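Structure file input.txt; described as compact mmCIF, C-alpha atoms.
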```
# COMPACT_ATOMS: atom_id res chain seq x y z
CA MET D 25 -114.60 57.72 39.63
CA ASP D 26 -113.29 59.51 36.59
CA ARG D 27 -109.68 60.24 35.98
CA GLY D 28 -109.87 63.92 36.73
CA LEU D 29 -111.30 63.29 40.18
CA CYS D 30 -108.58 60.74 40.89
CA GLN D 31 -105.92 63.21 39.93
CA ARG D 32 -107.49 65.92 42.02
CA GLN D 33 -107.57 63.62 45.03
CA GLU D 34 -103.94 62.86 44.41
CA MET D 35 -103.20 66.55 44.41
CA ASP D 36 -105.17 67.05 47.64
CA ARG D 37 -103.23 64.27 49.27
CA LYS D 38 -99.95 65.83 48.36
CA GLU D 39 -101.02 69.24 49.57
CA THR D 40 -102.59 68.32 52.90
CA GLY D 41 -99.83 65.97 53.93
CA ILE D 42 -102.05 63.52 55.80
CA LYS D 43 -103.80 61.14 53.52
CA ALA D 44 -103.90 57.54 54.60
CA GLY D 45 -106.81 55.83 56.31
CA LEU D 46 -105.82 53.70 59.28
CA SER D 47 -107.19 50.47 57.87
CA GLU D 48 -105.64 51.31 54.51
CA LEU D 49 -102.30 51.72 56.24
CA PHE D 50 -102.65 48.42 58.08
CA PHE D 51 -103.62 46.42 55.00
CA THR D 52 -100.93 48.01 52.85
CA PHE D 53 -98.23 46.92 55.28
CA LEU D 54 -99.89 43.54 55.73
CA LYS D 55 -99.54 43.11 51.99
CA LEU D 56 -95.92 44.28 52.06
CA GLY D 57 -95.17 41.91 54.92
CA ALA D 58 -96.80 38.98 53.17
CA PHE D 59 -95.21 39.46 49.76
CA THR D 60 -91.67 40.59 50.43
CA ILE D 61 -89.32 37.69 50.86
CA GLY D 62 -86.02 38.67 52.43
CA GLY D 63 -87.06 41.56 54.66
CA GLY D 64 -86.23 45.27 54.59
CA TYR D 65 -84.36 45.74 51.36
CA ALA D 66 -86.75 43.56 49.40
CA MET D 67 -89.57 45.79 50.65
CA ILE D 68 -88.17 48.99 49.16
CA PRO D 69 -89.22 48.66 45.50
CA LEU D 70 -92.69 47.46 46.56
CA ILE D 71 -93.13 50.35 48.94
CA GLU D 72 -92.11 52.76 46.23
CA LYS D 73 -94.72 51.31 43.92
CA GLU D 74 -97.51 51.09 46.52
CA LEU D 75 -97.04 54.22 48.58
CA ILE D 76 -95.56 56.67 46.13
CA ASP D 77 -96.74 55.72 42.65
CA LYS D 78 -100.13 54.25 43.50
CA LYS D 79 -101.26 56.02 46.66
CA GLY D 80 -99.20 59.20 46.54
CA TRP D 81 -98.71 59.35 50.32
CA PHE D 82 -95.16 60.62 49.91
CA ASP D 83 -93.00 62.17 47.30
CA ARG D 84 -89.88 60.28 46.38
CA GLU D 85 -87.47 62.64 48.12
CA GLU D 86 -89.33 62.44 51.42
CA PHE D 87 -89.35 58.66 51.19
CA LEU D 88 -85.62 58.44 50.44
CA GLU D 89 -84.92 60.52 53.50
CA LEU D 90 -87.02 58.22 55.70
CA LEU D 91 -85.30 55.24 54.13
CA ALA D 92 -81.83 56.55 54.92
CA LEU D 93 -82.85 57.04 58.55
CA ALA D 94 -84.51 53.61 58.73
CA GLN D 95 -81.30 52.01 57.48
CA SER D 96 -78.93 53.76 59.86
CA ALA D 97 -81.10 53.53 62.98
CA PRO D 98 -80.96 50.45 65.19
CA GLY D 99 -83.71 47.86 64.75
CA ILE D 100 -85.08 45.68 62.00
CA ILE D 101 -85.10 47.72 58.80
CA ALA D 102 -88.56 46.59 57.67
CA MET D 103 -89.93 47.56 61.09
CA ASN D 104 -88.16 50.91 60.98
CA ILE D 105 -89.72 51.62 57.61
CA ALA D 106 -93.18 50.65 58.88
CA VAL D 107 -92.80 52.82 61.99
CA SER D 108 -91.56 55.89 60.15
CA VAL D 109 -93.99 55.65 57.24
CA GLY D 110 -96.90 54.88 59.60
CA TYR D 111 -96.06 57.82 61.83
CA LYS D 112 -95.61 60.22 58.92
CA ALA D 113 -98.92 59.15 57.43
CA ARG D 114 -101.18 58.96 60.50
CA GLY D 115 -99.30 59.76 63.69
CA ARG D 116 -98.87 57.28 66.52
CA SER D 117 -101.86 55.05 65.75
CA GLY D 118 -100.63 54.85 62.15
CA MET D 119 -97.24 53.77 63.43
CA TYR D 120 -98.70 50.95 65.54
CA LEU D 121 -100.97 49.65 62.82
CA ALA D 122 -98.33 49.78 60.09
CA SER D 123 -95.80 47.86 62.19
CA LEU D 124 -98.42 45.33 63.28
CA GLY D 125 -99.34 44.80 59.64
CA ALA D 126 -95.69 44.35 58.65
CA VAL D 127 -95.01 41.78 61.39
CA LEU D 128 -98.20 39.72 61.30
CA PRO D 129 -97.66 37.66 58.09
CA SER D 130 -94.16 36.46 58.98
CA PHE D 131 -95.19 35.86 62.59
CA LEU D 132 -98.07 33.59 61.57
CA ILE D 133 -96.11 31.75 58.88
CA ILE D 134 -93.10 31.07 61.11
CA LEU D 135 -95.35 30.02 64.00
CA LEU D 136 -96.93 27.45 61.70
CA ILE D 137 -93.52 26.26 60.52
CA ALA D 138 -92.11 26.13 64.05
CA SER D 139 -94.97 24.01 65.32
CA VAL D 140 -94.71 21.60 62.37
CA PHE D 141 -90.98 21.66 61.63
CA THR D 142 -89.87 20.52 65.09
CA SER D 143 -91.64 17.21 64.52
CA PHE D 144 -90.48 16.96 60.88
CA ARG D 145 -86.82 17.69 61.49
CA ASP D 146 -85.84 14.08 62.10
CA ASN D 147 -87.59 12.89 58.97
CA PRO D 148 -84.81 11.51 56.71
CA VAL D 149 -86.08 13.30 53.59
CA VAL D 150 -86.25 16.67 55.38
CA GLU D 151 -82.85 16.03 56.93
CA SER D 152 -81.20 15.31 53.57
CA ILE D 153 -82.74 18.40 52.01
CA PHE D 154 -81.42 20.59 54.81
CA LYS D 155 -78.03 18.91 54.69
CA GLY D 156 -77.77 20.25 51.15
CA VAL D 157 -79.21 23.64 52.04
CA ARG D 158 -76.92 24.46 55.00
CA PRO D 159 -73.65 25.04 53.10
CA ALA D 160 -75.59 27.07 50.52
CA VAL D 161 -76.88 29.32 53.30
CA VAL D 162 -73.34 29.96 54.50
CA ALA D 163 -72.32 30.83 50.92
CA LEU D 164 -75.34 33.11 50.63
CA ILE D 165 -74.18 35.05 53.69
CA ALA D 166 -70.53 35.20 52.58
CA ALA D 167 -71.14 36.18 48.93
CA PRO D 168 -72.36 39.79 49.32
CA ILE D 169 -69.46 40.85 51.59
CA PHE D 170 -67.41 42.51 48.83
CA ARG D 171 -70.42 44.41 47.56
CA LEU D 172 -71.24 45.52 51.11
CA ALA D 173 -67.66 46.63 51.64
CA LYS D 174 -67.85 48.70 48.50
CA SER D 175 -71.10 50.40 49.47
CA ALA D 176 -69.73 51.13 52.96
CA HIS D 177 -66.74 52.83 51.26
CA ILE D 178 -64.16 50.54 52.84
CA THR D 179 -60.66 51.47 51.69
CA LEU D 180 -57.25 49.90 52.31
CA LYS D 181 -56.89 52.21 55.30
CA THR D 182 -60.21 51.24 56.90
CA MET D 183 -60.06 47.58 55.93
CA PHE D 184 -58.80 46.66 59.39
CA ILE D 185 -62.22 47.47 60.89
CA PRO D 186 -64.33 44.81 59.12
CA ILE D 187 -61.47 42.29 59.20
CA GLY D 188 -60.84 42.89 62.90
CA THR D 189 -64.58 42.63 63.59
CA ALA D 190 -64.84 39.34 61.70
CA ILE D 191 -61.88 37.87 63.63
CA LEU D 192 -63.05 39.07 67.06
CA VAL D 193 -66.65 37.95 66.64
CA GLY D 194 -66.19 34.98 64.31
CA PHE D 195 -63.11 33.31 65.79
CA LEU D 196 -62.75 34.68 69.31
CA GLY D 197 -66.43 34.70 70.23
CA VAL D 198 -66.59 38.35 71.29
CA ASN D 199 -70.14 39.68 71.64
CA PRO D 200 -70.97 41.89 68.60
CA VAL D 201 -72.56 44.44 70.95
CA TRP D 202 -69.10 45.54 72.16
CA ILE D 203 -67.75 45.93 68.65
CA ILE D 204 -70.76 48.00 67.61
CA LEU D 205 -70.27 50.30 70.62
CA LEU D 206 -66.56 50.49 69.83
CA GLY D 207 -67.39 51.43 66.22
CA ALA D 208 -69.71 54.22 67.39
CA ILE D 209 -67.10 55.58 69.81
CA GLY D 210 -64.41 55.28 67.14
CA GLY D 211 -66.56 57.27 64.72
CA ILE D 212 -67.07 60.05 67.27
CA VAL D 213 -63.37 60.18 68.22
CA TRP D 214 -62.35 60.27 64.56
CA PHE D 215 -64.80 63.09 63.90
CA SER D 216 -63.58 65.19 66.84
CA ILE D 217 -59.94 64.74 65.77
CA ALA D 218 -60.79 65.76 62.21
CA LYS D 219 -62.69 68.77 63.57
CA ARG D 220 -59.79 69.89 65.75
CA LYS D 221 -57.41 69.65 62.82
CA GLN D 222 -59.65 71.95 60.82
CA THR D 223 -59.72 74.74 63.39
CA MET Y 10 -87.53 33.06 84.13
CA ILE Y 11 -87.09 31.84 80.59
CA TYR Y 12 -89.59 34.49 79.44
CA TRP Y 13 -87.59 37.26 81.06
CA GLN Y 14 -84.36 35.99 79.46
CA LEU Y 15 -86.08 35.75 76.10
CA PHE Y 16 -87.41 39.29 76.42
CA ILE Y 17 -84.09 40.84 77.45
CA THR Y 18 -82.11 38.92 74.82
CA TYR Y 19 -84.40 39.92 71.97
CA LEU Y 20 -84.57 43.49 73.17
CA LYS Y 21 -80.78 43.52 72.95
CA ILE Y 22 -80.82 41.95 69.49
CA GLY Y 23 -83.33 44.54 68.29
CA PHE Y 24 -81.43 47.45 69.74
CA PHE Y 25 -77.99 46.45 68.49
CA ASN Y 26 -79.24 45.50 65.08
CA PHE Y 27 -77.43 47.75 62.63
CA GLY Y 28 -77.11 47.19 58.91
CA GLY Y 29 -80.07 44.80 58.73
CA GLY Y 30 -80.49 41.16 57.81
CA TYR Y 31 -77.18 39.34 57.60
CA ALA Y 32 -75.35 41.81 59.83
CA MET Y 33 -77.61 40.95 62.75
CA LEU Y 34 -77.10 37.21 62.30
CA SER Y 35 -73.81 37.15 64.18
CA LEU Y 36 -75.45 38.79 67.18
CA ILE Y 37 -78.44 36.43 67.07
CA GLU Y 38 -76.08 33.48 66.75
CA HIS Y 39 -73.87 34.69 69.56
CA GLU Y 40 -76.85 35.01 71.89
CA MET Y 41 -78.95 32.02 70.79
CA VAL Y 42 -76.33 29.39 69.99
CA LEU Y 43 -73.20 30.27 71.95
CA LYS Y 44 -74.55 31.98 75.07
CA HIS Y 45 -77.98 30.52 75.83
CA GLN Y 46 -77.76 27.38 73.68
CA TRP Y 47 -81.42 27.64 72.82
CA VAL Y 48 -80.80 26.28 69.31
CA SER Y 49 -77.94 24.33 67.70
CA HIS Y 50 -75.73 25.61 64.87
CA ALA Y 51 -77.56 23.36 62.40
CA GLU Y 52 -80.98 24.49 63.60
CA PHE Y 53 -79.86 28.11 63.35
CA THR Y 54 -78.69 27.58 59.77
CA ASP Y 55 -81.96 25.84 58.88
CA MET Y 56 -83.79 28.84 60.29
CA VAL Y 57 -81.80 31.22 58.09
CA ALA Y 58 -82.75 29.06 55.10
CA ILE Y 59 -86.43 29.07 56.08
CA SER Y 60 -86.29 32.84 56.58
CA GLN Y 61 -84.90 33.26 53.10
CA VAL Y 62 -87.76 31.42 51.43
CA THR Y 63 -90.62 32.77 53.54
CA PRO Y 64 -91.84 36.37 53.68
CA GLY Y 65 -90.72 38.77 56.36
CA PRO Y 66 -87.51 40.05 57.92
CA ILE Y 67 -85.01 37.51 59.29
CA GLY Y 68 -85.02 39.22 62.69
CA ILE Y 69 -88.78 38.76 63.12
CA ASN Y 70 -88.69 35.20 61.77
CA MET Y 71 -85.90 34.24 64.16
CA ALA Y 72 -87.66 35.77 67.16
CA THR Y 73 -90.93 34.02 66.36
CA TYR Y 74 -89.21 30.68 65.79
CA VAL Y 75 -86.90 30.72 68.81
CA GLY Y 76 -89.65 32.09 71.06
CA TYR Y 77 -91.76 29.10 70.13
CA THR Y 78 -89.09 26.39 70.33
CA VAL Y 79 -87.70 27.63 73.64
CA THR Y 80 -91.01 27.94 75.50
CA GLY Y 81 -93.12 25.52 73.46
CA ASN Y 82 -96.00 27.95 73.15
CA VAL Y 83 -97.34 30.95 71.28
CA TRP Y 84 -96.74 33.37 74.15
CA GLY Y 85 -92.99 32.88 73.91
CA SER Y 86 -93.22 33.67 70.20
CA MET Y 87 -95.22 36.81 70.79
CA LEU Y 88 -92.95 38.00 73.58
CA ALA Y 89 -89.74 37.56 71.55
CA THR Y 90 -91.28 39.17 68.45
CA PHE Y 91 -92.53 42.10 70.51
CA ALA Y 92 -89.14 42.50 72.21
CA VAL Y 93 -87.21 42.53 68.93
CA SER Y 94 -89.63 45.10 67.47
CA LEU Y 95 -89.69 47.41 70.48
CA PRO Y 96 -86.41 49.27 69.75
CA SER Y 97 -87.69 50.08 66.24
CA LEU Y 98 -90.87 51.54 67.69
CA VAL Y 99 -89.12 53.65 70.31
CA VAL Y 100 -86.00 54.78 68.43
CA MET Y 101 -87.59 55.30 65.02
CA TYR Y 102 -90.48 57.20 66.62
CA ALA Y 103 -88.03 59.54 68.33
CA ILE Y 104 -86.05 59.99 65.12
CA VAL Y 105 -89.07 60.80 62.96
CA ARG Y 106 -90.45 63.20 65.55
CA PHE Y 107 -87.22 65.09 65.91
CA ILE Y 108 -86.06 64.50 62.37
CA GLN Y 109 -84.61 67.97 61.95
CA ALA Y 110 -82.40 67.86 65.02
CA PHE Y 111 -81.37 64.32 64.30
CA ARG Y 112 -80.24 64.89 60.75
CA GLN Y 113 -78.19 67.93 61.63
CA ASN Y 114 -76.40 66.39 64.57
CA LYS Y 115 -72.88 65.71 63.33
CA TRP Y 116 -71.94 63.64 66.38
CA ILE Y 117 -74.76 61.17 65.80
CA SER Y 118 -73.87 60.79 62.15
CA ALA Y 119 -70.20 60.37 63.12
CA ALA Y 120 -71.19 57.48 65.39
CA PHE Y 121 -73.19 55.88 62.57
CA ASP Y 122 -70.25 56.33 60.21
CA GLY Y 123 -68.14 54.41 62.69
CA ILE Y 124 -70.67 51.57 62.91
CA LYS Y 125 -70.97 51.12 59.14
CA PRO Y 126 -67.63 49.36 58.52
CA VAL Y 127 -68.28 47.20 61.59
CA THR Y 128 -71.50 45.86 60.09
CA VAL Y 129 -69.54 44.61 57.05
CA GLY Y 130 -67.30 42.67 59.43
CA LEU Y 131 -70.35 41.34 61.26
CA VAL Y 132 -71.65 39.77 58.06
CA GLY Y 133 -68.25 38.12 57.66
CA SER Y 134 -68.29 36.81 61.22
CA ALA Y 135 -71.79 35.38 60.72
CA ALA Y 136 -70.37 33.35 57.84
CA ILE Y 137 -67.33 32.30 59.91
CA LEU Y 138 -69.52 31.22 62.84
CA LEU Y 139 -71.56 29.02 60.53
CA MET Y 140 -68.54 27.26 59.05
CA ASN Y 141 -68.58 24.33 61.46
CA GLU Y 142 -68.93 20.57 61.29
CA GLN Y 143 -72.70 20.73 61.84
CA ASN Y 144 -73.13 22.57 58.55
CA PHE Y 145 -70.18 20.99 56.71
CA SER Y 146 -70.47 17.29 57.35
CA ASP Y 147 -68.43 16.05 54.36
CA TYR Y 148 -66.68 17.08 51.14
CA ILE Y 149 -70.02 17.30 49.31
CA SER Y 150 -71.00 20.21 51.54
CA LEU Y 151 -67.81 21.97 50.51
CA ILE Y 152 -68.70 21.52 46.85
CA ILE Y 153 -72.21 22.83 47.48
CA PHE Y 154 -70.70 25.80 49.32
CA GLY Y 155 -68.29 26.59 46.48
CA CYS Y 156 -70.92 26.33 43.76
CA SER Y 157 -73.45 28.38 45.74
CA PHE Y 158 -70.86 31.05 46.45
CA LEU Y 159 -70.02 31.42 42.78
CA LEU Y 160 -73.65 31.29 41.67
CA SER Y 161 -74.57 33.99 44.16
CA TRP Y 162 -71.50 36.18 43.74
CA VAL Y 163 -70.81 35.99 40.03
CA LEU Y 164 -74.17 35.14 38.49
CA LYS Y 165 -76.28 36.84 41.21
CA VAL Y 166 -78.71 33.94 41.35
CA HIS Y 167 -81.72 34.72 43.53
CA PRO Y 168 -81.45 33.35 47.12
CA ILE Y 169 -84.75 31.45 46.86
CA LEU Y 170 -83.67 29.67 43.69
CA LEU Y 171 -80.30 28.90 45.23
CA ILE Y 172 -81.84 27.35 48.35
CA VAL Y 173 -84.27 25.28 46.28
CA LEU Y 174 -81.37 24.03 44.11
CA ALA Y 175 -79.27 23.17 47.15
CA GLY Y 176 -82.23 21.38 48.74
CA LEU Y 177 -82.73 19.30 45.59
CA THR Y 178 -79.03 18.50 45.53
CA GLY Y 179 -79.21 17.36 49.15
CA LEU Y 180 -82.24 15.20 48.38
CA LEU Y 181 -80.42 13.52 45.48
CA VAL Y 182 -77.03 13.09 47.14
CA TYR Y 183 -77.81 12.16 50.74
```
Output the file's structure as structure tokens, nothing else.
Amino acid sequence: MDRGLCQRQEMDRKETGIKAGLSELFFTFLKLGAFTIGGGYAMIPLIEKELIDKKGWFDREEFLELLALAQSAPGIIAMNIAVSVGYKARGRSGMYLASLGAVLPSFLIILLIASVFTSFRDNPVVESIFKGVRPAVVALIAAPIFRLAKSAHITLKTMFIPIGTAILVGFLGVNPVWIILLGAIGGIVWFSIAKRKQT
Amino acid sequence: MIYWQLFITYLKIGFFNFGGGYAMLSLIEHEMVLKHQWVSHAEFTDMVAISQVTPGPIGINMATYVGYTVTGNVWGSMLATFAVSLPSLVVMYAIVRFIQAFRQNKWISAAFDGIKPVTVGLVGSAAILLMNEQNFSDYISLIIFGCSFLLSWVLKVHPILLIVLAGLTGLLVY
């Protein structure tokens, strides 16, 4: 295929909207699932490269919009991305195949680990490795909190929300589900008060 | 019965998973460790470590792993993984289909704005829940914690490298 033809196909894809083959969609997400360590957010730059730059299935703006929705909606972010991109590209069958592709690599790898690791766990070498790893994992979870707080626009006034959440769930053993519902209700109440003040 | 419990629990985890990755850990831990006692604190922490160094989202990895260890077979794995993915399929499908209405609804975005600061707190509570004697057996673990925290926070060392370093340290020290 010469370059001109490639470019023309690219143009066609952008104009017609629907462009991806079903198997292409499946294997692309299989690749994303197999090579992104760390889930949703790690997937983003790879998706940009694969789906926008290389395949031209979306323009950047469209993708950013999907991404914002995938992040705010409930569910695993990587799955949300697969569902929305798959649906946009090839309707419902695209959605199923993309999400299957995204899940399959981690499912198979963890299944292998689960079946082996349970018998290896008591091995003294494995145990000493994990004894070193455990505190590091806790640090890994704690370290990004300030960055997260900044990107969620937490101010001195709203600081009580994350701190209260951490105390209720972390120390008092409250189920996070209740706090999430409370946050949603709080957001709606706050919005309606702000709206009333305006009018 | 265990299959039904597994299905319902992971459906709940999938549906109330906001903010991704670390934010959902506190919910998973609450359900798996505190409520059902399907895994111990240490096993849970090991699983987070394994999730960090293998491909795929933590939520999927956890579901696959717990589904297997709880039932002892592949079907449990598949069921839990399916259950945790189901909310994504249903909710995201609805959102993408009715994208216009969804984006313009101020009430929905107000609810999401309210959830956002909560997810920051949920990450914090996941860390608090993991600070227990199973993960911190002696003063060496505290040193590892401190060093890892600084390496990750200040120097932004990659999680995989950090876990490998901590594993090596454990191998040498213990």
Starting from chain D, keep only residues with some atom at most 6 Å from an atom of chain Y, counting only C-alpha atoms, and report them as a ChimeraX atom specification.
-> /D:57-58,60-63,98-99,101,104,130-131,138,152-153,155-160,162-163,165-167,186-187,189-190,193-194,200,204,207-208,210-212
Enter the distance from CA of Ser49 in chain Y to CA of Trp202 in chain D, in Å, rounded to one decimal.
->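 Interatomic distance, CA of Ser49 in chain Y to CA of Trp202 in chain D: 23.4 Å.
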Between CA of Lys79 in chain D and CA of Leu132 in chain D, what is the spacing in Å?
->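 Going from CA of Leu132 in chain D over to CA of Lys79 in chain D covers 27.1 Å.
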Distance of CA of Gln14 in chain Y from CA of Ile137 in chain D, expressed in Å to one decimal place = 23.2 Å
If you count all atoms listed in the file, which residues fall within 7 Å of Phe16 in chain Y, apart from same-chain ones fewer than 5 positions away, as JSON, numbers by chain?
-> {"Y": [88, 89, 92]}
Please produce range 101-125 of chain Y, completed to N, CA and C atoms, as a compact mmCIF listing (two decimals), in the coordinates of the input.
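result_12.txt was written with the following content:
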```
# COMPACT_ATOMS: atom_id res chain seq x y z
N MET Y 101 -87.15 54.73 66.30
CA MET Y 101 -87.59 55.30 65.02
C MET Y 101 -88.63 56.40 65.26
N TYR Y 102 -89.49 56.19 66.26
CA TYR Y 102 -90.48 57.20 66.62
C TYR Y 102 -89.78 58.50 67.03
N ALA Y 103 -88.77 58.36 67.88
CA ALA Y 103 -88.03 59.54 68.33
C ALA Y 103 -87.35 60.23 67.15
N ILE Y 104 -86.76 59.41 66.26
CA ILE Y 104 -86.05 59.99 65.12
C ILE Y 104 -87.00 60.76 64.21
N VAL Y 105 -88.15 60.15 63.89
CA VAL Y 105 -89.07 60.80 62.96
C VAL Y 105 -89.67 62.06 63.58
N ARG Y 106 -89.91 62.01 64.89
CA ARG Y 106 -90.45 63.20 65.55
C ARG Y 106 -89.46 64.36 65.55
N PHE Y 107 -88.21 64.02 65.82
CA PHE Y 107 -87.22 65.09 65.91
C PHE Y 107 -86.26 65.02 64.73
N ILE Y 108 -86.84 64.80 63.56
CA ILE Y 108 -86.06 64.50 62.37
C ILE Y 108 -85.05 65.60 62.05
N GLN Y 109 -85.47 66.84 62.28
CA GLN Y 109 -84.61 67.97 61.95
C GLN Y 109 -83.32 67.95 62.77
N ALA Y 110 -83.54 67.86 64.10
CA ALA Y 110 -82.40 67.86 65.02
C ALA Y 110 -81.50 66.67 64.77
N PHE Y 111 -82.13 65.55 64.46
CA PHE Y 111 -81.37 64.32 64.30
C PHE Y 111 -80.46 64.38 63.09
N ARG Y 112 -81.01 64.88 61.98
CA ARG Y 112 -80.24 64.89 60.75
C ARG Y 112 -79.06 65.85 60.83
N GLN Y 113 -79.25 66.93 61.61
CA GLN Y 113 -78.19 67.93 61.63
C GLN Y 113 -77.12 67.66 62.67
N ASN Y 114 -77.39 66.67 63.54
CA ASN Y 114 -76.40 66.39 64.57
C ASN Y 114 -75.21 65.63 64.00
N LYS Y 115 -74.06 66.31 63.95
CA LYS Y 115 -72.88 65.71 63.33
C LYS Y 115 -72.30 64.59 64.17
N TRP Y 116 -72.49 64.68 65.50
CA TRP Y 116 -71.94 63.64 66.38
C TRP Y 116 -72.66 62.32 66.18
N ILE Y 117 -73.98 62.40 66.03
CA ILE Y 117 -74.76 61.17 65.80
C ILE Y 117 -74.35 60.54 64.47
N SER Y 118 -74.22 61.38 63.44
CA SER Y 118 -73.87 60.79 62.15
C SER Y 118 -72.43 60.28 62.16
N ALA Y 119 -71.57 60.89 63.00
CA ALA Y 119 -70.20 60.37 63.12
C ALA Y 119 -70.21 58.98 63.74
N ALA Y 120 -71.07 58.80 64.76
CA ALA Y 120 -71.19 57.48 65.39
C ALA Y 120 -71.68 56.43 64.39
N PHE Y 121 -72.68 56.81 63.58
CA PHE Y 121 -73.19 55.88 62.57
C PHE Y 121 -72.13 55.56 61.52
N ASP Y 122 -71.33 56.57 61.17
CA ASP Y 122 -70.25 56.33 60.21
C ASP Y 122 -69.25 55.32 60.75
N GLY Y 123 -69.05 55.36 62.08
CA GLY Y 123 -68.14 54.41 62.69
C GLY Y 123 -68.71 52.99 62.73
N ILE Y 124 -70.03 52.89 62.84
CA ILE Y 124 -70.67 51.57 62.91
C ILE Y 124 -70.70 50.89 61.54
N LYS Y 125 -70.79 51.69 60.49
CA LYS Y 125 -70.97 51.12 59.14
C LYS Y 125 -69.91 50.08 58.75
```
